[in-house]
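Please read the structure below before turning to the comments.
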Amino acid sequence: MERIEIDTARGKERVPPGQYLVGDRWPILTYGSTPRFNPEVWDFAMSGLVENPLRFTWEEWNELPTVEVKADMHCVTSWSKLDNVWRGVSARHLLDLAQPKPEAKFFAVHCDGGYTTNAPVEELYEEDALFATHHNGEPLEPGHGYPLRLVIPRLYAWKSAKWIRGVEFIPEDRPGFWEQNGYHAYGDPWQEQRYSFGF
Ligand SMILES: Nc1nc2c(c(=O)[nH]1)N[C@H]1C(S)=C(S)[C@@H](COP(=O)(O)O)O[C@H]1N2
Ligand SMILES: [Mo]
C-alpha cells in the first residue's frame with residue numbers, strides 16, 4: 001500500500017490562524033443524525049460530466065487499491081486535529097477511472113442523510129485527497145462517517161463529507177449545505193475563508 005505524508009500546510013504555518021489543537025480528542029461535527037449503513041443497498045457513483053460513469057457496490061468498493069495519507073484536519077469552528085492517518089481509495093485513482101470531461105470544473109458530493117458540499121475538481125487531483133474507510137488503523141466510527149467519507153485535508157473539514165455516496169461533476173460551482181448557509185465557497189483555512197459574508 002502506498003503511504004503518502006503531505007505537509008497539509010504546504011510550507012505555511014502548520015496550524016492555520018485562529019485554530020486551536022484538540023490533541024487526541026476527536027470531536028464529532030454533524031448536522032443532523034448519523035445515517036445507518038446497509039451494505040446490501042449501499043453504492044457509490046461518479047456521475048455527471050465524466051467519460052465513464054462509475055458505480056460500485058460495497059463489495060466492489062473493497063476491491064479497489066488503497067493508500068494511506070497522513071494529514072491534518074481543520075474545522076471552521078476553530079478546532080484542528082493533527083497527524084490523522086487515513087486509509088482509503090485515492091481520489092486521483094477514481095478520476096483516472098471516471099475521466100472527468102474538460103467542462104467538469106467543479107464537483108458536488110451526495111451523502112446519506114442529504115448533506116452536500118462542493119469544490120473545484122482540481123482538489124480531487126491533489127495527492128492527499130481520498131475516500132477514506134479507516135482512521136488511525138481502525139474503521140471509521142459511525143459518527144465519523146462509516147463506511148466512507150471524503151477527506152480533503154487542505155480545505156476546512158466541512159468539505160470532507162461523511163457517509164458519502166457519490167460525486168457529481170458539474171460545469172459551474174453549486175453551493176452545498178453549509179455553503180448555502182453562509183460558509184465560504186472554497187474554504188482555505190490559511191486564508192481564513194470561513195464565511196462568505198461578514199460575521
Ligand atoms: N455528511 C456530513 N458530512 C460532514 C458533516 C455533516 O454534518 N454531514 N459535517 C462536516 C463538518 S462541519 C466537519 S468539521 C467534519 C467533521 O468530521 P468529524 O465529525 O469526523 O470530526 O465533517 C464534515 N462532514
Ligand atoms: Mo466543521
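Going by the C-alpha cells order, chains are called A, B, ..., each with residues numbered from 1, while ligands are numbered from 1 in the order shown.
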
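With only C-alpha atoms taken into account, the protein and nucleic acid residues at most 10 Å from Asn62 in chain A (excluding it and anything under 4 positions from it in its own chain) are Phe56, Thr57, Trp58, Thr66, Gly88, Val89 and Thr133 of chain A.
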
So that each row is one residue of range 41-127 of chain A with an atom at most 6 Å from range 16-35 of chain A, can you give its shortest atom pair and the distance in Å to one decimal, using only C-alpha atoms, rows by chain and rising number, as CSV?
residue,atom,partner,partner_atom,distance
A:Ser78,CA,A:Gln19,CA,4.5
A:Trp79,CA,A:Tyr20,CA,5.1
A:Ser80,CA,A:Leu21,CA,4.9
A:Lys81,CA,A:Val22,CA,5.8
A:Gly113,CA,A:Pro35,CA,6.0

Point to revise | DSSP strand (DSSP E) residues within chain A, listed as a VMD selection string | key: chain A and resid 2 to 5 20 to 21 43 to 48 54 to 57 67 to 74 79 to 90 106 to 111 116 to 120 130 to 135 138 to 139 149 to 151 164 to 170

Revision key, fill the gap. A straight line from CA of Asp112 in chain A to CA of Asp83 in chain A spans 27.0 Å

Practice item. Just the helix (DSSP H, G or I) stuff from range 87-197 of chain A, please, per backbone DSSP, written as a ChimeraX atom specification. Key: /A:91-98,122-125,142-144,157-159,177-180,189-191

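Distance annotation: of A:Glu68, A:Glu122, A:Glu138, A:Glu192, the residue with the minimal separation from Val15 in chain A is A:Glu192; atom set is only C-alpha atoms.
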
Can I get the residues of range 156-194 of chain A within 12 Å of range 129-132 of chain A, each with the closest pair of atoms and their distance in Å to one decimal, using only C-alpha atoms, sorted chain first then ascending number, as a Markdown table?
| residue | atom | partner | partner_atom | distance |
| --- | --- | --- | --- | --- |
| A:Lys159 | CA | A:Ala129 | CA | 11.0 |
| A:Ser160 | CA | A:Phe131 | CA | 9.1 |
| A:Ala161 | CA | A:Phe131 | CA | 9.4 |
| A:Lys162 | CA | A:Ala132 | CA | 9.4 |
| A:Trp163 | CA | A:Ala132 | CA | 10.1 |
| A:Ile164 | CA | A:Phe131 | CA | 8.5 |
| A:Arg165 | CA | A:Phe131 | CA | 10.4 |
| A:Gly166 | CA | A:Phe131 | CA | 10.5 |
| A:Val167 | CA | A:Phe131 | CA | 10.8 |

Selected residues, all heavy atoms, written as a PDB file, in the first residue's frame, please.
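Result written to out_38.pdb:
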ATOM      1  N   LYS A 159     -15.779  20.338   4.058  1.00  0.00           N
ATOM      2  CA  LYS A 159     -15.701  19.782   2.700  1.00  0.00           C
ATOM      3  C   LYS A 159     -15.461  18.267   2.737  1.00  0.00           C
ATOM      4  O   LYS A 159     -15.625  17.594   1.726  1.00  0.00           O
ATOM      5  CB  LYS A 159     -14.566  20.439   1.912  1.00  0.00           C
ATOM      6  CG  LYS A 159     -14.651  21.956   1.796  1.00  0.00           C
ATOM      7  CD  LYS A 159     -15.674  22.388   0.778  1.00  0.00           C
ATOM      8  CE  LYS A 159     -15.676  23.905   0.600  1.00  0.00           C
ATOM      9  NZ  LYS A 159     -16.741  24.344  -0.333  1.00  0.00           N
ATOM     10  N   SER A 160     -15.009  17.738   3.876  1.00  0.00           N
ATOM     11  CA  SER A 160     -14.691  16.317   3.997  1.00  0.00           C
ATOM     12  C   SER A 160     -15.961  15.550   4.380  1.00  0.00           C
ATOM     13  O   SER A 160     -16.179  15.185   5.542  1.00  0.00           O
ATOM     14  CB  SER A 160     -13.581  16.110   5.033  1.00  0.00           C
ATOM     15  OG  SER A 160     -12.356  16.639   4.546  1.00  0.00           O
ATOM     16  N   ALA A 161     -16.784  15.335   3.384  1.00  0.00           N
ATOM     17  CA  ALA A 161     -18.149  14.832   3.585  1.00  0.00           C
ATOM     18  C   ALA A 161     -18.185  13.398   4.094  1.00  0.00           C
ATOM     19  O   ALA A 161     -17.548  12.509   3.520  1.00  0.00           O
ATOM     20  CB  ALA A 161     -18.926  14.942   2.284  1.00  0.00           C
ATOM     21  N   LYS A 162     -18.955  13.200   5.170  1.00  0.00           N
ATOM     22  CA  LYS A 162     -19.114  11.868   5.759  1.00  0.00           C
ATOM     23  C   LYS A 162     -20.282  11.135   5.083  1.00  0.00           C
ATOM     24  O   LYS A 162     -21.180  11.752   4.551  1.00  0.00           O
ATOM     25  CB  LYS A 162     -19.384  12.002   7.263  1.00  0.00           C
ATOM     26  CG  LYS A 162     -18.247  12.758   7.987  1.00  0.00           C
ATOM     27  CD  LYS A 162     -18.409  12.763   9.498  1.00  0.00           C
ATOM     28  CE  LYS A 162     -19.376  13.830   9.974  1.00  0.00           C
ATOM     29  NZ  LYS A 162     -19.304  14.000  11.455  1.00  0.00           N
ATOM     30  N   TRP A 163     -20.260   9.820   5.162  1.00  0.00           N
ATOM     31  CA  TRP A 163     -21.319   8.956   4.594  1.00  0.00           C
ATOM     32  C   TRP A 163     -21.541   9.262   3.125  1.00  0.00           C
ATOM     33  O   TRP A 163     -22.672   9.283   2.618  1.00  0.00           O
ATOM     34  CB  TRP A 163     -22.633   9.113   5.395  1.00  0.00           C
ATOM     35  CG  TRP A 163     -22.396   9.053   6.862  1.00  0.00           C
ATOM     36  CD1 TRP A 163     -21.978   7.974   7.579  1.00  0.00           C
ATOM     37  CD2 TRP A 163     -22.506  10.142   7.801  1.00  0.00           C
ATOM     38  NE1 TRP A 163     -21.831   8.307   8.900  1.00  0.00           N
ATOM     39  CE2 TRP A 163     -22.154   9.628   9.068  1.00  0.00           C
ATOM     40  CE3 TRP A 163     -22.885  11.475   7.684  1.00  0.00           C
ATOM     41  CZ2 TRP A 163     -22.160  10.425  10.207  1.00  0.00           C
ATOM     42  CZ3 TRP A 163     -22.894  12.266   8.821  1.00  0.00           C
ATOM     43  CH2 TRP A 163     -22.538  11.741  10.058  1.00  0.00           C
ATOM     44  N   ILE A 164     -20.449   9.473   2.418  1.00  0.00           N
ATOM     45  CA  ILE A 164     -20.550   9.894   1.019  1.00  0.00           C
ATOM     46  C   ILE A 164     -21.031   8.743   0.137  1.00  0.00           C
ATOM     47  O   ILE A 164     -20.643   7.595   0.320  1.00  0.00           O
ATOM     48  CB  ILE A 164     -19.202  10.473   0.533  1.00  0.00           C
ATOM     49  CG1 ILE A 164     -19.368  11.172  -0.808  1.00  0.00           C
ATOM     50  CG2 ILE A 164     -18.111   9.402   0.485  1.00  0.00           C
ATOM     51  CD1 ILE A 164     -18.164  12.022  -1.189  1.00  0.00           C
ATOM     52  N   ARG A 165     -21.903   9.072  -0.808  1.00  0.00           N
ATOM     53  CA  ARG A 165     -22.442   8.065  -1.738  1.00  0.00           C
ATOM     54  C   ARG A 165     -22.166   8.390  -3.197  1.00  0.00           C
ATOM     55  O   ARG A 165     -22.389   7.542  -4.072  1.00  0.00           O
ATOM     56  CB  ARG A 165     -23.961   7.945  -1.530  1.00  0.00           C
ATOM     57  CG  ARG A 165     -24.351   7.345  -0.189  1.00  0.00           C
ATOM     58  CD  ARG A 165     -24.137   5.849  -0.157  1.00  0.00           C
ATOM     59  NE  ARG A 165     -24.931   5.169  -1.163  1.00  0.00           N
ATOM     60  CZ  ARG A 165     -26.203   4.801  -1.005  1.00  0.00           C
ATOM     61  NH1 ARG A 165     -26.821   5.015   0.131  1.00  0.00           N
ATOM     62  NH2 ARG A 165     -26.857   4.189  -1.980  1.00  0.00           N
ATOM     63  N   GLY A 166     -21.701   9.603  -3.442  1.00  0.00           N
ATOM     64  CA  GLY A 166     -21.433   9.890  -4.841  1.00  0.00           C
ATOM     65  C   GLY A 166     -20.812  11.249  -5.068  1.00  0.00           C
ATOM     66  O   GLY A 166     -20.893  12.141  -4.221  1.00  0.00           O
ATOM     67  N   VAL A 167     -20.155  11.357  -6.215  1.00  0.00           N
ATOM     68  CA  VAL A 167     -19.575  12.618  -6.659  1.00  0.00           C
ATOM     69  C   VAL A 167     -20.142  12.925  -8.037  1.00  0.00           C
ATOM     70  O   VAL A 167     -20.110  12.073  -8.929  1.00  0.00           O
ATOM     71  CB  VAL A 167     -18.035  12.517  -6.756  1.00  0.00           C
ATOM     72  CG1 VAL A 167     -17.447  13.830  -7.251  1.00  0.00           C
ATOM     73  CG2 VAL A 167     -17.438  12.148  -5.415  1.00  0.00           C
TER      74      VAL A 167
END
